[in-house]
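Accompanying notes for the structure given below.
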Amino acid sequence: MSTVLSVSASCYSSSRLFCPFSSRNPLLFVTRRSRLPLSRTRRRHFAVAASERENGVFTSPEIAKSFDFAAEERIYNWWEAQGYFRPSFDRGSDAFVIPMPPPNVTGSLHMGHAMFVTLEDIMIRYNRMKGRPTLWVPGTDHAGIATQLVVERMLASEGIKRTEMSRDDFTKRVWQWKEKYGGTITNQIKRLGASCDWSREHFTLDEQLSQAVVEAFVRLHEKGLIYQGSYMVNWSPTLQTAVSDLEVEYSEESGYLYYIKYRVAGRSEFLTVATTRPETLFGDVALAIHPKDDRYSKFIGMMAIVPQTFGRHVPIIADKHVDREFGTGVLKISPGHDHNDYLLARKLGLPILNVMNKDGTLNDVTGLYSGLDRFEARKKLWAELEETGLAVKKEPHTLRVPRSQRGGEVIEPLVSKQWFVSMEPLAEKALQAVEKGELTIIPERFEKIYNHWLSNIKDWCISRQLWWGHRIPVWYISGEDNEEDYIVARNAKEALEKARKKYGKDVEIYQDPDVLDTWFSSALWPFSTLGWPDLCKEDLKRFYPTTMLETGHDILFFWVARMVMMGIEFTGTVPFSYVYLHGLIRDSQGRKMSKTLGNVIDPLDTIKEFGTDALRFTLALGTAGQDLNLSTERLTSNKAFTNKLWNAGKFILQNLPNKNDTCAWEKILSYKFDNEGTVANLPLPECWVVSKLHLLIESASESYDKFYFGEVGRETYDFFWADFADWYIEASKGRLYHSGSGGNSVASMAQAVLLYTFENILKVLHPFMPFVTEELWQALPNRKHALIISPWPETQLPRSSSSIKKFENLQALVRAIRNARAEYSVEPAKRISASVVANNEVIEYIAEEREVLALLSRLDLQNLHFSDSSPGNADQSVHLVAGEGLEAYLPLADMVDISAEVDRLSKRLSKMQKEYDGFIAKLNSPQFVEKAPEDVVRGVREKAAEAEEKINLTKKRLALLNFSVLVSK
């Protein structure tokens with residue numbers, strides 16, 4: 001017996017699960033071990049655990065002191081091998097489908113990935129347990145710019161330039177790199193517990209998806225929604241490609257505002273222009289002045305001479321959009337190198353002059369500056385303007401610099417011939433989808449942003465001057481200079497056939513060298529991954545449209561809106577019913593994580609230290625669309641929660657009968673808690689905890705259905721820790737260790753409630769914390785299914801509101817007694833007397849649970865009395881009011897050595913009085929009150945008030961003690 005008890009004690013000493021008077025858990029730990037008839041129980045469960053773990057996947061809490069994070073990969077591989085991640089139609093046909101946001105193939109796991117994996121896996125696991133066929137489609141994106149950058153840098157380290165290779169050789173190297181390193185992000189996502197169907201994994205350059213991309217291009221072109229033209233784009237000089245507006249990040253950086261004189265032709269006067277980019281003056285086509293600017297209105301209609309251009313003249317025009325407050329109020333118009341100037345020039349019919357090569361050097365238009373890098377040219381030009389007296393001044397100015405999201409270089413606005421998608425017709429249908437309720441955006445506030453962007457949408461530049469990606473399915477005629485005459489086809493064979501019909505059998509063709517924007521293929525992701533454009537594909541029939549698109553709110557336009565537009569265009573259906581947008585993950589101070597700040601938290605390092613479950617639980621407690629501050633304190637707390645679950649499982653397993661004890665298990669399994677009569681007939685603590693569990697299941701299910709995951713996590717955490725572990729597990733010890741008549745029956749009832757409550761807690765928590773819950777589930781006896789596929793609990797389960805209220809009264813009484821014990825420094829092991837006073841109805845149910853009350857409050861059961869009036873020794877007792885109509889009296893003599901306590905409190909009172917007198921003396925000093933800072937004076941006043949309150953309480957306690965001494969004499 002002693003051996004068993006010492007082992008049991010050690011199990012709990014390392015955690016705060018059952019520590020007496022801990023700050024989190026105020027419950028007492030049972031020390032009267034002689035009542036435990038459990039000498040064989042522990043050995044029995046070692047045998048049970050061993051027999052149930054022949055596959056070597058799971059470890060029982062009976063064997064391990066705490067959950068081993070190393071088991072997570074083992075459990076994950078077992079789930080996958082069992083086929084649990086694949087959709088099953090055994091229990092339903094209403095599929096729940098999520099297309100995973102495909103991470104870049106170049107990527108490595110960061111907290112953004114951890115967030116989306118956590119939230120999507122919660123949805124998938126919940127709906128799988130609800131019996132819905134669930135499909136989470138995983139995959140990676142070829143990430144055109146990012147991947148080409150990585151491989152070019154790798155080649156550069158070998159002394160090889162991409163331009164020195166053929167296109168085929170370069171793409172072969174990229175594919176080799178992808179095969180070697182492209183699976184890194186996938187394996188890391190698995191480490192987070194993502195229960196995706198990996199048998200359906202896709203890559204955006206897969207043959208199937210590539211066919212879908214070509215088909216989409218051809219169909220859009222046939223409808224006149226794709227066109228080619230020369231327009232202003234964002235140009236990346238290093239990568240030699242256009243980049244999307246959405247892939248340009250603007251950063252505020254220190255720079256200069258340059259003031260330059262432009263002479264008015266035929267006059268001796270000058271107009272001074274302020275510009276941040278003097279090198280673009282070679283592309284000036286006009287100067288603009290606000291029509292109501294009296295300083296310059298006389299010059300409107302005249303000509304100005306552009307400096308350093310050998311006398312090139314440009315018109316001075318009026319335009320109401322000129323900002324009179326910026327610089328000098330005179331605006332230079334360089335439409336070849338500024339987005340606003342470009343739009344103005346097109347509106348006014350001004351020429352567009354390009355002065356830049358695609359590598360960021362100046363071209364022949366700039367004369368002697370030709371070949372210079374744009375930034376070098378700026379320095380040289382300013383120096384020469386100073387020499388000629390045309391430079392007025394250069395002053396510091398904060399610039400809004402456009403930088404490439406991928407490479408970080410400064411983007412050059414440049415007019416270039418590109419392929420575009422006409423977006424307005426597509427956007428109109430996407431707007432209507434939200435208006436009609438066909439698409440729900442969570443949180444709702446993002447609808448306004450979605451609507452605003454689509455209502456002001458620009459045409460989408462989809463061509464990229466890269467070698468890695470989907471080649472544009474356009475062919476030109478060899479030997480023909482007119483590129484306006486092109487052929488759009490699904491493949492080279494079809495293109496050649498079309499060309500021969502038009503130009504004869506000897507015609508030769510070549511394909512457009514550009515590739516499509518990566519986001520073009522991603523926009524097709526929800527249906528291309530299911531087999532589109534082959535409408536006969538079984539997956540497309542069964543799983544499209546999908547259910548949920550979950551992603552960060554920062555790619556609402558990059559990806560989400562484009563998927564909606566493309567989905568409606570090609571399938572006639574909105575591609576998903578819901579869009580759930582999560583926020584950014586920030587550090588504990590609310591700052592964005594960055595390598596510069598050194599505050600990046602690596603998910604893989606976090607998993608090693610805290611476990612995947614603790615990380616997932618922490619991330620899931622946020623609110624949709626709002627940023628989440630992540631701290632080690634939160635992770636530490638949730639790691640403790642994992643340990644708490646483990647120790648609760650350990651306790652329950654230690655107190656269950658042998659698996660072969662048929663009679664005992666028949667009693668346990670005879671309790672049907674979905675039966676109203678069974679629940680109503682349970683004793684108060686059991687009826688309370690089962691009722692609270694049933695309320696939790698209903699509330700959590702409702703929150704899951706509404707995607708309020710933070711609410712689910714907080715409610716379940718509170719129920720498990722504050723209700724089940726802190727209260728019911730402690731109360732159950734009186735049942736489990738009962739030795740009186742009917743002891744076996746009482747113990748069976750407690751075992752049944754413990755097992756039922758704990759297994760349902762595991763079910764509710766499983767979507768959040770899949771690993772530790774599955775491990776604990778497998779340790780419990782009589783498991784018919786793995787937890788991952790176990791049926792979700794029913795929600796319309798019986799509960800007793802009156803029992804909840806009654807037990808809350810009992811809790812209030814226990815808390816009041818504990819507080820009094822703590823206040824009077826009663827030794828934890830000491831049992832004290834008590835008289836409980838209440839009306840007959842309250843006395844009846846409190847007295848019925850006298851053993852639980854005595855156990856939880858550390859009362860002497862033989863000296864615990866119940867009455868409807870105050871006891872005779874009330875004047876020598878501590879009077880407690882637990883609630884309306886429920887009181888208790890604790891005899892002072894039982895709790896403390898009165899004489900010693902009087903001496904201790906007298907000394908304490910004397911010390912407090914001296915401190916109080918010191919505060920009052922300060923406050924009575926005019927010199928202190930008038931000269932000391934206001935907050936210092938206020939602080940002294942607050943300390944004095946606090947000290948006075950403590951003095952009064954101590955005096956009252958002393959008076960009670962002294963009165964008790966007098967009475968006893």
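Going through the structure tokens in order, the chains are called A, B, and so on, while each chain numbers its residues from 1 and the ligands are numbered from 1 in the order shown.
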
### Task
Extract, using only C-alpha atoms, all DNA, RNA and protein residues at most 10 Å from Glu849 of chain A, discarding same-chain residues fewer than 4 positions from it, and format them as a PyMOL selection string.
chain A and resi 683-685+731+734+807+810+843-845+853-855

Find the nearest atom pair between each residue of segment 174-254 of chain A and segment 481-503 of chain A for residues within 9 Å, count only C-alpha atoms, give distances in Å to one decimal, sort rows by chain and ascending number, and present the table as CSV.
residue,atom,partner,partner_atom,distance
A:Gln211,CA,A:Arg490,CA,8.1
A:Val214,CA,A:Arg490,CA,6.0
A:Glu215,CA,A:Arg490,CA,6.7
A:Phe217,CA,A:Val488,CA,8.7
A:Val218,CA,A:Val488,CA,6.6
A:His221,CA,A:Val488,CA,7.9
A:Glu222,CA,A:Val488,CA,8.9
A:Gln228,CA,A:Glu484,CA,8.3

Using all heavy atoms, can you write the selected residues to a file as a PDB file, in the first residue's frame?
ATOM      1  N   GLN A 211      -2.588  22.618 -67.271  1.00  0.00           N
ATOM      2  CA  GLN A 211      -3.637  22.556 -68.294  1.00  0.00           C
ATOM      3  C   GLN A 211      -4.781  23.510 -67.951  1.00  0.00           C
ATOM      4  O   GLN A 211      -5.337  24.178 -68.832  1.00  0.00           O
ATOM      5  CB  GLN A 211      -4.176  21.129 -68.401  1.00  0.00           C
ATOM      6  CG  GLN A 211      -3.218  20.154 -69.050  1.00  0.00           C
ATOM      7  CD  GLN A 211      -3.745  18.727 -69.051  1.00  0.00           C
ATOM      8  OE1 GLN A 211      -4.837  18.453 -68.553  1.00  0.00           O
ATOM      9  NE2 GLN A 211      -2.964  17.808 -69.612  1.00  0.00           N
ATOM     10  N   VAL A 214      -3.755  27.149 -68.841  1.00  0.00           N
ATOM     11  CA  VAL A 214      -3.837  27.397 -70.285  1.00  0.00           C
ATOM     12  C   VAL A 214      -5.303  27.555 -70.710  1.00  0.00           C
ATOM     13  O   VAL A 214      -5.660  28.473 -71.457  1.00  0.00           O
ATOM     14  CB  VAL A 214      -3.156  26.261 -71.076  1.00  0.00           C
ATOM     15  CG1 VAL A 214      -3.454  26.399 -72.562  1.00  0.00           C
ATOM     16  CG2 VAL A 214      -1.654  26.261 -70.821  1.00  0.00           C
ATOM     17  N   GLU A 215      -6.147  26.666 -70.213  1.00  0.00           N
ATOM     18  CA  GLU A 215      -7.568  26.713 -70.563  1.00  0.00           C
ATOM     19  C   GLU A 215      -8.188  28.041 -70.109  1.00  0.00           C
ATOM     20  O   GLU A 215      -8.979  28.647 -70.842  1.00  0.00           O
ATOM     21  CB  GLU A 215      -8.301  25.537 -69.911  1.00  0.00           C
ATOM     22  CG  GLU A 215      -9.759  25.395 -70.313  1.00  0.00           C
ATOM     23  CD  GLU A 215      -9.951  25.059 -71.774  1.00  0.00           C
ATOM     24  OE1 GLU A 215      -9.040  24.418 -72.365  1.00  0.00           O
ATOM     25  OE2 GLU A 215     -10.998  25.435 -72.345  1.00  0.00           O
ATOM     26  N   PHE A 217      -6.663  30.927 -69.662  1.00  0.00           N
ATOM     27  CA  PHE A 217      -6.152  32.008 -70.507  1.00  0.00           C
ATOM     28  C   PHE A 217      -6.899  32.036 -71.841  1.00  0.00           C
ATOM     29  O   PHE A 217      -7.356  33.096 -72.300  1.00  0.00           O
ATOM     30  CB  PHE A 217      -4.651  31.830 -70.741  1.00  0.00           C
ATOM     31  CG  PHE A 217      -4.011  32.965 -71.489  1.00  0.00           C
ATOM     32  CD1 PHE A 217      -3.338  33.965 -70.812  1.00  0.00           C
ATOM     33  CD2 PHE A 217      -4.068  33.047 -72.883  1.00  0.00           C
ATOM     34  CE1 PHE A 217      -2.740  35.030 -71.491  1.00  0.00           C
ATOM     35  CE2 PHE A 217      -3.491  34.094 -73.572  1.00  0.00           C
ATOM     36  CZ  PHE A 217      -2.819  35.094 -72.872  1.00  0.00           C
ATOM     37  N   VAL A 218      -7.028  30.860 -72.445  1.00  0.00           N
ATOM     38  CA  VAL A 218      -7.668  30.780 -73.759  1.00  0.00           C
ATOM     39  C   VAL A 218      -9.120  31.257 -73.685  1.00  0.00           C
ATOM     40  O   VAL A 218      -9.583  32.043 -74.516  1.00  0.00           O
ATOM     41  CB  VAL A 218      -7.596  29.347 -74.321  1.00  0.00           C
ATOM     42  CG1 VAL A 218      -8.437  29.218 -75.588  1.00  0.00           C
ATOM     43  CG2 VAL A 218      -6.136  28.959 -74.608  1.00  0.00           C
ATOM     44  N   HIS A 221      -9.349  34.987 -73.203  1.00  0.00           N
ATOM     45  CA  HIS A 221      -8.986  35.688 -74.439  1.00  0.00           C
ATOM     46  C   HIS A 221     -10.129  35.604 -75.449  1.00  0.00           C
ATOM     47  O   HIS A 221     -10.448  36.583 -76.148  1.00  0.00           O
ATOM     48  CB  HIS A 221      -7.704  35.099 -75.029  1.00  0.00           C
ATOM     49  CG  HIS A 221      -7.215  35.850 -76.230  1.00  0.00           C
ATOM     50  ND1 HIS A 221      -7.577  35.498 -77.515  1.00  0.00           N
ATOM     51  CD2 HIS A 221      -6.421  36.943 -76.340  1.00  0.00           C
ATOM     52  CE1 HIS A 221      -7.028  36.335 -78.358  1.00  0.00           C
ATOM     53  NE2 HIS A 221      -6.302  37.228 -77.667  1.00  0.00           N
ATOM     54  N   GLU A 222     -10.756  34.434 -75.539  1.00  0.00           N
ATOM     55  CA  GLU A 222     -11.870  34.272 -76.473  1.00  0.00           C
ATOM     56  C   GLU A 222     -13.032  35.216 -76.149  1.00  0.00           C
ATOM     57  O   GLU A 222     -13.767  35.656 -77.035  1.00  0.00           O
ATOM     58  CB  GLU A 222     -12.360  32.823 -76.457  1.00  0.00           C
ATOM     59  CG  GLU A 222     -11.402  31.852 -77.139  1.00  0.00           C
ATOM     60  CD  GLU A 222     -11.802  30.395 -76.968  1.00  0.00           C
ATOM     61  OE1 GLU A 222     -12.697  30.103 -76.133  1.00  0.00           O
ATOM     62  OE2 GLU A 222     -11.211  29.526 -77.652  1.00  0.00           O
ATOM     63  N   GLN A 228      -3.438  42.604 -75.058  1.00  0.00           N
ATOM     64  CA  GLN A 228      -2.032  43.003 -74.984  1.00  0.00           C
ATOM     65  C   GLN A 228      -1.931  44.496 -75.261  1.00  0.00           C
ATOM     66  O   GLN A 228      -2.624  45.030 -76.114  1.00  0.00           O
ATOM     67  CB  GLN A 228      -1.210  42.223 -76.010  1.00  0.00           C
ATOM     68  CG  GLN A 228       0.294  42.409 -75.870  1.00  0.00           C
ATOM     69  CD  GLN A 228       1.053  41.637 -76.948  1.00  0.00           C
ATOM     70  OE1 GLN A 228       0.656  41.674 -78.111  1.00  0.00           O
ATOM     71  NE2 GLN A 228       2.102  40.944 -76.579  1.00  0.00           N
TER      72      GLN A 228
END

Within 9 Å of Gly469 of chain A, counting only C-alpha atoms, which residues show up once you throw out same-chain ones fewer than 4 positions away? Write them as a compact mmCIF listing (two decimals) with C-alpha atoms, in the first residue's frame, please.
# COMPACT_ATOMS: atom_id res chain seq x y z
CA HIS A 142 5.75 27.63 -57.72
CA ALA A 143 6.33 31.28 -56.66
CA GLY A 144 7.73 32.56 -59.94
CA ILE A 145 9.78 35.55 -58.80
CA THR A 204 0.87 24.87 -59.27
CA LEU A 205 3.13 23.63 -62.09
CA ARG A 464 6.05 38.39 -66.22
CA ASP A 514 6.86 35.62 -70.94
CA VAL A 515 5.22 33.63 -68.17
CA LEU A 516 2.02 34.32 -66.29
CA ASP A 517 1.83 36.03 -62.92
CA THR A 518 1.96 33.39 -60.18

### Message
Would you compute the distance between atom CA of Gly183 of chain A and atom CA of Met548 of chain A? Give it in Å to one decimal.
### Response
25.0 Å

List the spatial neighbours of Val896 of chain A as a PDB file with N, CA, C and O atoms, in the first residue's frame - criterion: any atom at most 10 Å away, only C-alpha atoms, same-chain residues fewer than 4 positions off excluded.
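And here is the file that came out, selection.pdb:
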ATOM      1  N   ARG A 821      -9.419  29.978   6.685  1.00  0.00           N
ATOM      2  CA  ARG A 821      -8.257  29.181   7.082  1.00  0.00           C
ATOM      3  C   ARG A 821      -6.964  29.886   6.696  1.00  0.00           C
ATOM      4  O   ARG A 821      -6.010  29.954   7.489  1.00  0.00           O
ATOM      5  N   TYR A 824      -6.316  32.999   8.884  1.00  0.00           N
ATOM      6  CA  TYR A 824      -5.859  32.690  10.241  1.00  0.00           C
ATOM      7  C   TYR A 824      -4.665  31.733  10.256  1.00  0.00           C
ATOM      8  O   TYR A 824      -4.299  31.219  11.303  1.00  0.00           O
ATOM      9  N   SER A 825      -4.098  31.512   9.064  1.00  0.00           N
ATOM     10  CA  SER A 825      -2.884  30.687   8.935  1.00  0.00           C
ATOM     11  C   SER A 825      -3.051  29.297   9.549  1.00  0.00           C
ATOM     12  O   SER A 825      -2.166  28.789  10.235  1.00  0.00           O
ATOM     13  N   VAL A 826      -4.208  28.688   9.309  1.00  0.00           N
ATOM     14  CA  VAL A 826      -4.446  27.333   9.807  1.00  0.00           C
ATOM     15  C   VAL A 826      -3.618  26.360   8.987  1.00  0.00           C
ATOM     16  O   VAL A 826      -3.561  26.445   7.763  1.00  0.00           O
ATOM     17  N   GLU A 827      -2.961  25.434   9.657  1.00  0.00           N
ATOM     18  CA  GLU A 827      -2.135  24.461   8.950  1.00  0.00           C
ATOM     19  C   GLU A 827      -2.998  23.662   7.975  1.00  0.00           C
ATOM     20  O   GLU A 827      -4.106  23.251   8.312  1.00  0.00           O
ATOM     21  N   ILE A 832     -10.773  21.184  11.127  1.00  0.00           N
ATOM     22  CA  ILE A 832     -11.420  22.067  12.101  1.00  0.00           C
ATOM     23  C   ILE A 832     -12.921  21.794  12.146  1.00  0.00           C
ATOM     24  O   ILE A 832     -13.488  21.179  11.241  1.00  0.00           O
ATOM     25  N   PRO A 891     -15.236  27.748  15.019  1.00  0.00           N
ATOM     26  CA  PRO A 891     -14.738  28.062  16.366  1.00  0.00           C
ATOM     27  C   PRO A 891     -13.274  28.487  16.321  1.00  0.00           C
ATOM     28  O   PRO A 891     -12.428  27.793  15.739  1.00  0.00           O
ATOM     29  N   LEU A 892     -12.983  29.631  16.930  1.00  0.00           N
ATOM     30  CA  LEU A 892     -11.616  30.153  16.922  1.00  0.00           C
ATOM     31  C   LEU A 892     -10.638  29.195  17.584  1.00  0.00           C
ATOM     32  O   LEU A 892      -9.510  29.016  17.123  1.00  0.00           O
ATOM     33  N   ALA A 900      -1.261  32.840  21.502  1.00  0.00           N
ATOM     34  CA  ALA A 900      -0.149  33.117  20.578  1.00  0.00           C
ATOM     35  C   ALA A 900      -0.587  34.058  19.461  1.00  0.00           C
ATOM     36  O   ALA A 900       0.165  34.958  19.040  1.00  0.00           O
ATOM     37  N   GLU A 901      -1.833  33.877  18.991  1.00  0.00           N
ATOM     38  CA  GLU A 901      -2.341  34.726  17.911  1.00  0.00           C
ATOM     39  C   GLU A 901      -2.528  36.163  18.391  1.00  0.00           C
ATOM     40  O   GLU A 901      -2.267  37.121  17.655  1.00  0.00           O
ATOM     41  N   VAL A 902      -2.977  36.310  19.680  1.00  0.00           N
ATOM     42  CA  VAL A 902      -3.130  37.663  20.252  1.00  0.00           C
ATOM     43  C   VAL A 902      -1.784  38.366  20.302  1.00  0.00           C
ATOM     44  O   VAL A 902      -1.652  39.545  19.927  1.00  0.00           O
ATOM     45  N   LEU A 961     -10.618  37.817  19.433  1.00  0.00           N
ATOM     46  CA  LEU A 961      -9.754  36.881  20.157  1.00  0.00           C
ATOM     47  C   LEU A 961      -9.775  37.152  21.655  1.00  0.00           C
ATOM     48  O   LEU A 961      -9.873  36.227  22.471  1.00  0.00           O
TER      49      LEU A 961
END

### Message
Using Å and a single decimal, report how far atom CA of Thr272 of chain A sits from atom CA of Phe326 of chain A.
### Response
12.1 Å

8 Å contact set for segment 937-940 of chain A, only C-alpha atoms, chain neighbours under 3 positions out, as a PDB file with C-alpha atoms, in the first residue's frame:
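Produced file selection_18.pdb, reproduced below:
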ATOM      1  CA  PHE A 919       2.219  58.678   6.682  1.00  0.00           C
ATOM      2  CA  LEU A 923       0.468  64.595   5.171  1.00  0.00           C
ATOM      3  CA  PHE A 928       5.613  68.165   2.070  1.00  0.00           C
ATOM      4  CA  VAL A 929       2.082  68.683   0.724  1.00  0.00           C
ATOM      5  CA  ALA A 932       6.256  67.373  -3.214  1.00  0.00           C
ATOM      6  CA  PRO A 933       5.019  66.306  -6.679  1.00  0.00           C
ATOM      7  CA  GLU A 934       1.282  65.694  -6.834  1.00  0.00           C
ATOM      8  CA  LYS A 943      -0.786  54.168   1.556  1.00  0.00           C
ATOM      9  CA  ALA A 944      -2.246  55.860   4.618  1.00  0.00           C
TER      10      ALA A 944
END

### Query
Do you know which residues are at most 10 Å from segment 286-291 of chain A counting only C-alpha atoms, after dropping those on the same chain fewer than 3 positions away, and could you put them as a ChimeraX atom specification?
/A:262,271,273,283,294-300,302-306,313-324,328-335,341,345,350-351

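Those residues that approach Met129 of chain A to within 9 Å, counting only C-alpha atoms, are Lys763, Leu787, Ile788, Ile789, Ser790, Pro791, Trp792 and Pro793 of chain A; same-chain residues fewer than 6 positions away are not listed.
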
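You will find atom CA of Pro101 of chain A at 23.6 Å from atom CA of Asp587 of chain A.
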
### DSSP-assigned helix (DSSP H, G or I) among segment 218-423 of chain A, expressed as a VMD selection string
chain A and resid 218 to 222 245 to 247 278 to 283 297 to 299 339 to 348 364 to 369 374 to 388

### Query
Out of segment 421-533 of chain A, which residues get strand (DSSP E) from DSSP, as a list in words?
Val421, Thr440, Ile441, Ile442, Trp460, Cys461, Ser463, Arg464, Val474, Trp475, Tyr476, Ile477, Tyr486, Ile487, Val488, Ile509, Tyr510, Gln511, Val515 and Leu516 of chain A

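Distances to Val365 of chain A were evaluated for A:Asn647, A:Thr309, A:Asn962, A:Ser910 using only C-alpha atoms, and the minimum falls at A:Thr309.
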